[in-house]
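*Asks:* Got a structure for you, questions after.
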Amino acid sequence: MAGSTRGVAGSARRGAGPSGGERARHWTYAELPGVDLLRAHYVRKTFSRHTHEHFVLAAIREGVDVFHHTGADRHAGPGAVALVNPDTPHTGRAGAPEGWRYGAVYPAPEVVAAIAAETTALKGTPGFVLPVVDDPYAVALVHRVLRAAEEGNALAADTFLRVAVTRLLRRNGGSLPQRAVRSAGARVAARARAVLEEQLADPPSLERLAAGLGVSSFALLRAFRDAYGMPPHAWLTDARVRRARHLLDAGTSPAAAAVAVGFTDQPHLNRHFARIVGVPPGAYQRERKNVQDRPRVPLVASAGWQSE
């Protein structure tokens with residue numbers, strides 16, 4: 001479907017915050033399969049500890065993004081890219097009074113792996129080493145991906161995405177460590193996670209979960225936090241929001257998705273969804289439903305790309 005803008009979400013920016021000029025748009029573009037897209041300006045918003053199934057490449061234009069990652073607060077200002085590998089717990093908040101304005105792409109692990117195999121010499125599972133890289137050119141590339149997707153320019157969007165990922169992997173790439181379950185504590189944590197995944201909507205209490213695994217509650221807490229970077233209740237909320245996203249993508253209503261994953265009602269889902277995804281579930285789903293045919297645009301990269 002070269003040249004088609006089918007899959008471009010509507011141009012209205014939804015999910016705006018209550019005040020302070022906050023706004024965010026989280027969408028997808030059919031010509032970039034396996035990639036989520038975001039433009040946002042947050043001032044007072046805070047993101048609770050959470051993970052992503054995809055990589056995060058967040059290009060900061062204004063303000064400062066502070067996020068807790070691998071045991072420390074990281075600061076990303078204008079001209080920097082915040083990089084988060086899949087399944088890595090992190091938070092997010094403003095590090096300046098004006099908040100932070102940024103654009104982000106979220107490529108799936110298989111997208112990054114395919115690009116790495118073609119353009120780098122990295123072995124194993126590719127990922128990023130440092131969580132923040134100062135690279136104004138990479139910031140510009142990420143924003144060009146977003147602009148090309150909004151304009152329906154499939155060739156430019158795909159080109160800029162590949163160039164951005166390649167550049168960041170070459171500057172800051174490495175092989176992600178394979179998670180091997182060796183210790184008794186790690187095995188207990190993995191078993192606890194499996195139970196919670198199976199009983200997502202109706203999980204046991206911490207005491208019952210620990211008793212079923214033959215350990216004390218405190219031993220389970222320590223083991224789970226060591227293995228997954230957060231306690232079981234925080235992991236459960238993150239997993240519920242992740243499952244809700246898949247349901248919303250499949251067309252399930254926010255109210256039905258809330259009940260299906262174990263939240264008490266839609267407002268309960270709304271609170272946690274917005275603190276992890278960045279927009280409310282209704283706005284998230286509307287962007288994915290808003291697929292329109294628009295006039296074709298030339299399949300050429302922008303003049304800026306041609307001159308670089």
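In the structure tokens, each chain is lettered A, B, ... as it comes, each chain's residues begin at 1, and ligands are numbered from 1 in order of appearance.
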Contacts of A:Ala94 at 8 Å or less, counting only C-alpha atoms, minus same-chain residues fewer than 6 places along, as a PyMOL selection string?
*Replies:* chain A and resi 42-46+63-66+100
*Asks:* Write out as an NGL selection string each polymer residue whose atoms come within 12 Å of A:Ala219, counting only C-alpha atoms; drop sequence neighbours fewer than 6 positions from it.
*Replies:* :A and (184-186 or 188-189 or 192 or 206-207 or 209-211 or 213 or 225-226 or 231)
*Asks:* Write a file of the selected residues as a PDB file, in the first residue's frame, keeping N, CA, C and O atoms.
*Replies:*
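Below is the file that was written, part.pdb:
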```pdb
ATOM      1  N   ALA A 184      17.158 -19.641  43.911  1.00  0.00           N
ATOM      2  CA  ALA A 184      15.863 -20.067  44.446  1.00  0.00           C
ATOM      3  C   ALA A 184      14.887 -18.898  44.461  1.00  0.00           C
ATOM      4  O   ALA A 184      13.705 -19.056  44.141  1.00  0.00           O
ATOM      5  N   GLY A 185      15.391 -17.685  44.835  1.00  0.00           N
ATOM      6  CA  GLY A 185      14.521 -16.513  44.859  1.00  0.00           C
ATOM      7  C   GLY A 185      13.987 -16.167  43.481  1.00  0.00           C
ATOM      8  O   GLY A 185      12.813 -15.815  43.327  1.00  0.00           O
ATOM      9  N   ALA A 186      14.836 -16.269  42.463  1.00  0.00           N
ATOM     10  CA  ALA A 186      14.399 -15.966  41.098  1.00  0.00           C
ATOM     11  C   ALA A 186      13.357 -16.971  40.631  1.00  0.00           C
ATOM     12  O   ALA A 186      12.402 -16.613  39.928  1.00  0.00           O
ATOM     13  N   VAL A 188      11.245 -18.567  42.575  1.00  0.00           N
ATOM     14  CA  VAL A 188      10.009 -18.233  43.294  1.00  0.00           C
ATOM     15  C   VAL A 188       9.310 -17.052  42.625  1.00  0.00           C
ATOM     16  O   VAL A 188       8.090 -17.053  42.425  1.00  0.00           O
ATOM     17  N   ALA A 189      10.074 -16.014  42.254  1.00  0.00           N
ATOM     18  CA  ALA A 189       9.501 -14.840  41.599  1.00  0.00           C
ATOM     19  C   ALA A 189       8.860 -15.213  40.269  1.00  0.00           C
ATOM     20  O   ALA A 189       7.766 -14.725  39.936  1.00  0.00           O
ATOM     21  N   ALA A 192       5.608 -16.941  40.948  1.00  0.00           N
ATOM     22  CA  ALA A 192       4.609 -15.980  41.412  1.00  0.00           C
ATOM     23  C   ALA A 192       4.057 -15.172  40.235  1.00  0.00           C
ATOM     24  O   ALA A 192       2.849 -14.936  40.137  1.00  0.00           O
ATOM     25  N   LEU A 206      -1.206 -11.378  48.969  1.00  0.00           N
ATOM     26  CA  LEU A 206       0.219 -11.660  49.074  1.00  0.00           C
ATOM     27  C   LEU A 206       0.458 -12.878  49.964  1.00  0.00           C
ATOM     28  O   LEU A 206       1.273 -13.756  49.638  1.00  0.00           O
ATOM     29  N   GLU A 207      -0.275 -12.963  51.076  1.00  0.00           N
ATOM     30  CA  GLU A 207      -0.087 -14.078  52.003  1.00  0.00           C
ATOM     31  C   GLU A 207      -0.441 -15.399  51.343  1.00  0.00           C
ATOM     32  O   GLU A 207       0.299 -16.389  51.459  1.00  0.00           O
ATOM     33  N   LEU A 209      -0.574 -16.025  48.108  1.00  0.00           N
ATOM     34  CA  LEU A 209       0.362 -16.263  47.016  1.00  0.00           C
ATOM     35  C   LEU A 209       1.660 -16.853  47.565  1.00  0.00           C
ATOM     36  O   LEU A 209       2.185 -17.845  47.029  1.00  0.00           O
ATOM     37  N   ALA A 210       2.171 -16.266  48.636  1.00  0.00           N
ATOM     38  CA  ALA A 210       3.418 -16.757  49.231  1.00  0.00           C
ATOM     39  C   ALA A 210       3.245 -18.162  49.799  1.00  0.00           C
ATOM     40  O   ALA A 210       4.104 -19.039  49.613  1.00  0.00           O
ATOM     41  N   ALA A 211       2.122 -18.391  50.479  1.00  0.00           N
ATOM     42  CA  ALA A 211       1.888 -19.709  51.075  1.00  0.00           C
ATOM     43  C   ALA A 211       1.817 -20.785  50.000  1.00  0.00           C
ATOM     44  O   ALA A 211       2.329 -21.896  50.182  1.00  0.00           O
ATOM     45  N   LEU A 213       3.404 -20.881  47.361  1.00  0.00           N
ATOM     46  CA  LEU A 213       4.745 -21.112  46.826  1.00  0.00           C
ATOM     47  C   LEU A 213       5.697 -21.639  47.889  1.00  0.00           C
ATOM     48  O   LEU A 213       6.872 -21.896  47.611  1.00  0.00           O
ATOM     49  N   ARG A 225      10.818  -8.267  43.817  1.00  0.00           N
ATOM     50  CA  ARG A 225      11.409  -6.967  43.526  1.00  0.00           C
ATOM     51  C   ARG A 225      12.796  -7.123  42.886  1.00  0.00           C
ATOM     52  O   ARG A 225      13.148  -6.406  41.954  1.00  0.00           O
ATOM     53  N   ASP A 226      13.569  -8.072  43.382  1.00  0.00           N
ATOM     54  CA  ASP A 226      14.891  -8.308  42.804  1.00  0.00           C
ATOM     55  C   ASP A 226      14.789  -8.762  41.345  1.00  0.00           C
ATOM     56  O   ASP A 226      15.615  -8.384  40.508  1.00  0.00           O
ATOM     57  N   PRO A 231       7.341  -4.417  43.322  1.00  0.00           N
ATOM     58  CA  PRO A 231       6.629  -5.426  44.108  1.00  0.00           C
ATOM     59  C   PRO A 231       5.479  -6.037  43.307  1.00  0.00           C
ATOM     60  O   PRO A 231       5.063  -5.483  42.282  1.00  0.00           O
TER      61      PRO A 231
END
```
*Asks:* Hey, which bits of stretch 129-161 of chain A sit within 12 Å of stretch 20-41 of chain A, and for each residue what's the closest pair of atoms and how far apart in Å (one decimal), counting only C-alpha atoms, rows by chain and increasing number, as a tab-separated table?
*Replies:*
```
residue	atom	partner	partner_atom	distance
A:Val142	CA	A:Leu37	CA	9.8
A:His143	CA	A:Arg39	CA	8.8
A:Arg144	CA	A:Leu37	CA	11.6
A:Val145	CA	A:Leu37	CA	8.9
A:Leu146	CA	A:Leu37	CA	6.9
A:Arg147	CA	A:Arg39	CA	10.0
A:Ala148	CA	A:Tyr29	CA	9.9
A:Ala149	CA	A:Tyr29	CA	6.2
A:Glu150	CA	A:Tyr29	CA	8.2
A:Glu151	CA	A:Tyr29	CA	10.3
A:Gly152	CA	A:Tyr29	CA	8.2
A:Asn153	CA	A:Glu31	CA	8.9
A:Ala154	CA	A:Glu31	CA	5.8
A:Leu155	CA	A:Glu31	CA	8.7
A:Ala156	CA	A:Glu31	CA	10.5
A:Ala157	CA	A:Leu32	CA	7.6
A:Asp158	CA	A:Leu32	CA	6.6
A:Thr159	CA	A:Leu32	CA	10.4
A:Phe160	CA	A:Leu32	CA	11.1
A:Leu161	CA	A:Leu32	CA	8.9
```
*Asks:* So that I can see what lies close to stretch 55-58 of chain A, please list as a list in words the residues with an atom at most 8 Å from it, counting only C-alpha atoms and leaving out residues fewer than 4 positions away in the same chain.
*Replies:*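 That gives Val81, Ala82, Leu83, Val84, Asn85, Pro86, Tyr102, Gly103, Ala104, Val105, Tyr106, Pro107, Ala108, Pro109 and Val142 of chain A.
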*Asks:* Keeping only N, CA, C and O atoms, write those residues as a short mmCIF file (atom, residue, chain, number, x, y, z; two decimals), in the first residue's frame.
*Replies:*
```cif
data_model
loop_
_atom_site.label_atom_id
_atom_site.label_comp_id
_atom_site.auth_asym_id
_atom_site.auth_seq_id
_atom_site.Cartn_x
_atom_site.Cartn_y
_atom_site.Cartn_z
N VAL A 81 17.91 12.13 23.97
CA VAL A 81 16.96 11.04 23.75
C VAL A 81 16.97 10.14 24.98
O VAL A 81 18.04 9.67 25.40
N ALA A 82 15.79 9.94 25.57
CA ALA A 82 15.65 8.98 26.66
C ALA A 82 15.37 7.61 26.06
O ALA A 82 14.49 7.47 25.22
N LEU A 83 16.13 6.61 26.49
CA LEU A 83 16.06 5.28 25.90
C LEU A 83 15.73 4.26 26.97
O LEU A 83 16.43 4.16 27.99
N VAL A 84 14.68 3.49 26.75
CA VAL A 84 14.27 2.46 27.71
C VAL A 84 14.08 1.16 26.96
O VAL A 84 13.36 1.10 25.96
N ASN A 85 14.74 0.11 27.42
CA ASN A 85 14.60 -1.20 26.82
C ASN A 85 13.30 -1.87 27.26
O ASN A 85 12.73 -1.51 28.29
N PRO A 86 12.80 -2.84 26.51
CA PRO A 86 11.55 -3.52 26.90
C PRO A 86 11.65 -4.14 28.28
O PRO A 86 12.71 -4.59 28.71
N TYR A 102 7.98 16.53 24.12
CA TYR A 102 8.77 15.52 23.44
C TYR A 102 7.94 14.74 22.43
O TYR A 102 6.71 14.82 22.41
N GLY A 103 8.65 14.02 21.60
CA GLY A 103 8.02 13.05 20.72
C GLY A 103 8.71 11.72 20.93
O GLY A 103 9.89 11.66 21.28
N ALA A 104 7.97 10.63 20.76
CA ALA A 104 8.55 9.32 21.02
C ALA A 104 8.07 8.30 20.01
O ALA A 104 6.94 8.37 19.52
N VAL A 105 8.95 7.36 19.71
CA VAL A 105 8.58 6.19 18.93
C VAL A 105 8.84 4.97 19.80
O VAL A 105 9.79 4.93 20.59
N TYR A 106 7.97 3.98 19.65
CA TYR A 106 8.04 2.76 20.46
C TYR A 106 8.12 1.56 19.51
O TYR A 106 7.11 0.92 19.22
N PRO A 107 9.30 1.23 19.01
CA PRO A 107 9.41 0.08 18.11
C PRO A 107 9.43 -1.24 18.88
O PRO A 107 10.04 -1.35 19.95
N ALA A 108 8.77 -2.24 18.33
CA ALA A 108 8.74 -3.56 18.95
C ALA A 108 10.14 -4.18 18.92
O ALA A 108 10.96 -3.83 18.07
N PRO A 109 10.42 -5.11 19.83
CA PRO A 109 11.74 -5.75 19.84
C PRO A 109 12.14 -6.36 18.51
O PRO A 109 13.30 -6.27 18.10
N VAL A 142 13.72 11.47 15.20
CA VAL A 142 12.50 10.96 15.81
C VAL A 142 11.32 11.84 15.46
O VAL A 142 10.23 11.36 15.10
#
```
*Asks:* So that I can check the surroundings of A:Ala255, please list as a CSV table (one decimal) with all heavy atoms, in the first residue's frame every protein, DNA and RNA residue that reaches within 7 Å of it, counting only C-alpha atoms and ignoring chain neighbours fewer than 2 positions away.
*Replies:*
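Contents of result-v9.csv, as written:
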```csv
chain,number,residue,atom,x,y,z
A,253,SER,N,-14.6,-2.2,24.6
A,253,SER,CA,-14.8,-0.9,25.1
A,253,SER,C,-14.0,-0.7,26.4
A,253,SER,O,-13.7,-1.7,27.1
A,253,SER,CB,-16.3,-0.7,25.5
A,253,SER,OG,-16.7,-1.5,26.6
A,257,ALA,N,-13.1,-3.6,29.1
A,257,ALA,CA,-11.7,-3.9,29.3
A,257,ALA,C,-11.4,-3.8,30.8
A,257,ALA,O,-10.6,-4.6,31.3
A,257,ALA,CB,-10.8,-3.0,28.5
A,258,ALA,N,-11.9,-2.7,31.4
A,258,ALA,CA,-11.6,-2.5,32.9
A,258,ALA,C,-12.0,-3.7,33.7
A,258,ALA,O,-11.2,-4.2,34.5
A,258,ALA,CB,-12.3,-1.3,33.4
A,259,VAL,N,-13.2,-4.2,33.5
A,259,VAL,CA,-13.7,-5.4,34.2
A,259,VAL,C,-12.9,-6.6,33.8
A,259,VAL,O,-12.6,-7.4,34.7
A,259,VAL,CB,-15.2,-5.6,33.9
A,259,VAL,CG1,-15.7,-6.9,34.6
A,259,VAL,CG2,-16.0,-4.4,34.5
A,265,ASP,N,-13.8,-0.6,38.0
A,265,ASP,CA,-14.7,0.1,37.0
A,265,ASP,C,-13.8,0.9,36.0
A,265,ASP,O,-12.6,0.9,36.2
A,265,ASP,CB,-15.7,1.0,37.7
A,265,ASP,CG,-15.1,2.0,38.7
A,265,ASP,OD1,-13.9,2.3,38.5
A,265,ASP,OD2,-15.7,2.4,39.6
A,266,GLN,N,-14.4,1.6,35.1
A,266,GLN,CA,-13.7,2.3,34.1
A,266,GLN,C,-12.9,3.5,34.7
A,266,GLN,O,-11.7,3.7,34.3
A,266,GLN,CB,-14.6,2.9,33.0
A,266,GLN,CG,-13.8,3.5,31.9
A,266,GLN,CD,-14.6,4.0,30.7
A,266,GLN,OE1,-15.7,3.5,30.5
A,266,GLN,NE2,-14.1,5.0,30.0
```
*Asks:* Ranking A:Arg167, A:Lys289, A:Ala59, A:Asn270 by minimum distance to A:Val139 and counting only C-alpha atoms, which one comes first?
*Replies:*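 Under the stated criterion, the closest residue is A:Ala59.
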*Asks:* Considering only C-alpha atoms, return as a list of chain:residue names whatever protein or nucleic-acid residues lie within 10 Å of A:Ile115, sequence-local ones (same chain, fewer than 6 positions apart) excluded.
*Replies:*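 Within the cut-off, the hits are A:Pro126, A:Leu161, A:Arg162, A:Val163, A:Val165, A:Thr166, A:Leu169.
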*Asks:* Would you save the residues from that selection as a PDB file, in the first residue's frame, using N, CA, C and O atoms?
*Replies:*
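Result file is result_8.pdb:
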```
ATOM      1  N   PRO A 126      19.642  -7.133  20.697  1.00  0.00           N
ATOM      2  CA  PRO A 126      20.121  -5.751  20.751  1.00  0.00           C
ATOM      3  C   PRO A 126      19.298  -4.888  21.695  1.00  0.00           C
ATOM      4  O   PRO A 126      18.108  -5.114  21.909  1.00  0.00           O
ATOM      5  N   LEU A 161      12.822   6.293  10.657  1.00  0.00           N
ATOM      6  CA  LEU A 161      12.825   5.347  11.768  1.00  0.00           C
ATOM      7  C   LEU A 161      14.081   4.484  11.723  1.00  0.00           C
ATOM      8  O   LEU A 161      14.774   4.309  12.730  1.00  0.00           O
ATOM      9  N   ARG A 162      14.395   3.940  10.559  1.00  0.00           N
ATOM     10  CA  ARG A 162      15.551   3.064  10.432  1.00  0.00           C
ATOM     11  C   ARG A 162      16.856   3.814  10.691  1.00  0.00           C
ATOM     12  O   ARG A 162      17.772   3.282  11.331  1.00  0.00           O
ATOM     13  N   VAL A 163      16.938   5.035  10.201  1.00  0.00           N
ATOM     14  CA  VAL A 163      18.147   5.821  10.421  1.00  0.00           C
ATOM     15  C   VAL A 163      18.299   6.163  11.903  1.00  0.00           C
ATOM     16  O   VAL A 163      19.396   6.086  12.470  1.00  0.00           O
ATOM     17  N   VAL A 165      17.044   4.529  14.605  1.00  0.00           N
ATOM     18  CA  VAL A 165      17.374   3.343  15.393  1.00  0.00           C
ATOM     19  C   VAL A 165      18.820   2.911  15.138  1.00  0.00           C
ATOM     20  O   VAL A 165      19.567   2.590  16.071  1.00  0.00           O
ATOM     21  N   THR A 166      19.237   2.932  13.871  1.00  0.00           N
ATOM     22  CA  THR A 166      20.613   2.555  13.544  1.00  0.00           C
ATOM     23  C   THR A 166      21.615   3.478  14.228  1.00  0.00           C
ATOM     24  O   THR A 166      22.604   3.027  14.826  1.00  0.00           O
ATOM     25  N   LEU A 169      21.711   2.775  17.989  1.00  0.00           N
ATOM     26  CA  LEU A 169      22.346   1.496  18.281  1.00  0.00           C
ATOM     27  C   LEU A 169      23.856   1.572  18.085  1.00  0.00           C
ATOM     28  O   LEU A 169      24.628   1.008  18.860  1.00  0.00           O
TER      29      LEU A 169
END
```
*Asks:* List the spatial neighbours of stretch 87-91 of chain A as a ChimeraX atom specification - criterion: any atom at most 8 Å away, only C-alpha atoms, same-chain residues fewer than 5 positions off excluded.
*Replies:* /A:46-54,67-70,228-230
*Asks:* Could those selected residues go to a file with N, CA and C atoms, as a compact mmCIF listing (two decimals), in the first residue's frame?
*Replies:*
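Produced file selection.txt, reproduced below:
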```txt
# COMPACT_ATOMS: atom_id res chain seq x y z
N THR A 46 2.73 12.80 36.27
CA THR A 46 3.74 11.85 36.74
C THR A 46 3.36 10.46 36.24
N PHE A 47 4.36 9.71 35.85
CA PHE A 47 4.16 8.34 35.43
C PHE A 47 4.57 7.41 36.56
N SER A 48 3.69 6.50 36.94
CA SER A 48 4.04 5.53 37.97
C SER A 48 5.02 4.51 37.40
N ARG A 49 5.65 3.75 38.28
CA ARG A 49 6.61 2.76 37.82
C ARG A 49 5.90 1.76 36.92
N HIS A 50 6.46 1.54 35.74
CA HIS A 50 5.83 0.67 34.76
C HIS A 50 6.87 0.17 33.77
N THR A 51 6.44 -0.68 32.88
CA THR A 51 7.31 -1.19 31.82
C THR A 51 6.60 -1.07 30.48
N HIS A 52 7.34 -1.32 29.41
CA HIS A 52 6.76 -1.36 28.06
C HIS A 52 7.17 -2.67 27.40
N GLU A 53 6.29 -3.18 26.55
CA GLU A 53 6.66 -4.34 25.74
C GLU A 53 7.64 -3.93 24.64
N HIS A 54 7.55 -2.67 24.22
CA HIS A 54 8.40 -2.14 23.15
C HIS A 54 9.56 -1.33 23.71
N PHE A 67 13.29 10.61 34.95
CA PHE A 67 12.70 9.28 35.10
C PHE A 67 13.64 8.40 35.90
N HIS A 68 13.07 7.65 36.83
CA HIS A 68 13.86 6.74 37.65
C HIS A 68 14.07 5.46 36.86
N HIS A 69 15.32 5.07 36.70
CA HIS A 69 15.67 3.97 35.81
C HIS A 69 16.95 3.32 36.33
N THR A 70 16.93 2.02 36.48
CA THR A 70 18.09 1.25 36.97
C THR A 70 18.72 1.88 38.21
N TYR A 228 12.03 -8.38 39.16
CA TYR A 228 11.24 -7.59 38.21
C TYR A 228 11.24 -6.09 38.50
N GLY A 229 11.98 -5.66 39.50
CA GLY A 229 12.14 -4.24 39.74
C GLY A 229 10.98 -3.54 40.39
N MET A 230 9.99 -4.28 40.83
CA MET A 230 8.82 -3.70 41.50
C MET A 230 8.12 -4.79 42.30
```
*Asks:* By how many Å are atom CA of A:Arg61 and atom CA of A:Gly79 apart?
*Replies:*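 Between atom CA of A:Arg61 and atom CA of A:Gly79 the gap is 6.3 Å.
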*Asks:* Calculated over only C-alpha atoms, which of the candidates A:Tyr284, A:Ala227, A:Glu62, A:Arg275 has the smallest distance to A:Arg182?
*Replies:*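 Under the stated criterion, the closest residue is A:Ala227.
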*Asks:* Could you check which of A:Gly127, A:Gly92, A:Pro78, A:Pro232 is closest to A:Val112, using only C-alpha atoms?
*Replies:*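 Closest candidate: A:Gly127.
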*Asks:* To one decimal place in Å, what is the distance between atom CA of A:Leu130 and atom CA of A:Ala114?
*Replies:*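 The value is 20.8 Å.
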*Asks:* Give the strand (DSSP E or B) residues of stretch 16-215 of chain A, as assigned by DSSP on the backbone, as a PyMOL selection string.
*Replies:* chain A and resi 23-28+35-42+46-50+56-63+65-69+72-76+80-84+90-94+100-107+126-128+132-134+173-175
*Asks:* Run DSSP on the backbone of this structure and report the residues of stretch 29-169 of chain A it assigns to helix (DSSP H, G or I), as a PDB file with C-alpha atoms, in the first residue's frame.
*Replies:*
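And here's selection33.pdb as it stands now:
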```pdb
ATOM      1  CA  PRO A 109      11.744  -5.747  19.843  1.00  0.00           C
ATOM      2  CA  GLU A 110      11.513  -7.561  16.517  1.00  0.00           C
ATOM      3  CA  VAL A 111      11.629  -4.238  14.639  1.00  0.00           C
ATOM      4  CA  VAL A 112      14.806  -3.176  16.446  1.00  0.00           C
ATOM      5  CA  ALA A 113      16.329  -6.643  16.045  1.00  0.00           C
ATOM      6  CA  ALA A 114      15.722  -6.584  12.283  1.00  0.00           C
ATOM      7  CA  ILE A 115      17.298  -3.142  11.911  1.00  0.00           C
ATOM      8  CA  ALA A 116      20.264  -4.131  14.098  1.00  0.00           C
ATOM      9  CA  ALA A 117      20.875  -7.286  12.070  1.00  0.00           C
ATOM     10  CA  GLU A 118      20.938  -5.299   8.850  1.00  0.00           C
ATOM     11  CA  THR A 119      22.949  -2.260   9.928  1.00  0.00           C
ATOM     12  CA  PRO A 136      20.214  16.609  18.731  1.00  0.00           C
ATOM     13  CA  TYR A 137      20.366  14.923  15.331  1.00  0.00           C
ATOM     14  CA  ALA A 138      18.683  11.775  16.702  1.00  0.00           C
ATOM     15  CA  VAL A 139      16.063  14.006  18.330  1.00  0.00           C
ATOM     16  CA  ALA A 140      15.372  15.577  14.933  1.00  0.00           C
ATOM     17  CA  LEU A 141      15.104  12.142  13.314  1.00  0.00           C
ATOM     18  CA  VAL A 142      12.503  10.956  15.811  1.00  0.00           C
ATOM     19  CA  HIS A 143      10.393  14.047  15.217  1.00  0.00           C
ATOM     20  CA  ARG A 144      10.714  13.538  11.460  1.00  0.00           C
ATOM     21  CA  VAL A 145       9.299  10.033  11.877  1.00  0.00           C
ATOM     22  CA  LEU A 146       6.282  11.513  13.641  1.00  0.00           C
ATOM     23  CA  ARG A 147       5.794  14.271  11.082  1.00  0.00           C
ATOM     24  CA  ALA A 148       6.068  11.873   8.158  1.00  0.00           C
ATOM     25  CA  ALA A 149       3.517   9.536   9.779  1.00  0.00           C
ATOM     26  CA  GLU A 150       1.126  12.447  10.299  1.00  0.00           C
ATOM     27  CA  GLU A 151       1.530  13.441   6.658  1.00  0.00           C
ATOM     28  CA  ALA A 154       5.309   6.050   4.336  1.00  0.00           C
ATOM     29  CA  LEU A 155       8.718   6.097   2.672  1.00  0.00           C
ATOM     30  CA  ALA A 156       9.962   9.013   4.755  1.00  0.00           C
ATOM     31  CA  ALA A 157       8.549   7.613   8.021  1.00  0.00           C
ATOM     32  CA  ASP A 158      10.166   4.224   7.472  1.00  0.00           C
ATOM     33  CA  THR A 159      13.442   5.796   6.359  1.00  0.00           C
ATOM     34  CA  PHE A 160      13.763   8.126   9.333  1.00  0.00           C
ATOM     35  CA  LEU A 161      12.825   5.347  11.768  1.00  0.00           C
ATOM     36  CA  ARG A 162      15.551   3.064  10.432  1.00  0.00           C
ATOM     37  CA  VAL A 163      18.147   5.821  10.421  1.00  0.00           C
ATOM     38  CA  ALA A 164      17.253   6.876  13.988  1.00  0.00           C
ATOM     39  CA  VAL A 165      17.374   3.343  15.393  1.00  0.00           C
ATOM     40  CA  THR A 166      20.613   2.555  13.544  1.00  0.00           C
ATOM     41  CA  ARG A 167      22.283   5.740  14.768  1.00  0.00           C
ATOM     42  CA  LEU A 168      21.313   5.150  18.383  1.00  0.00           C
ATOM     43  CA  LEU A 169      22.346   1.496  18.281  1.00  0.00           C
TER      44      LEU A 169
END
```
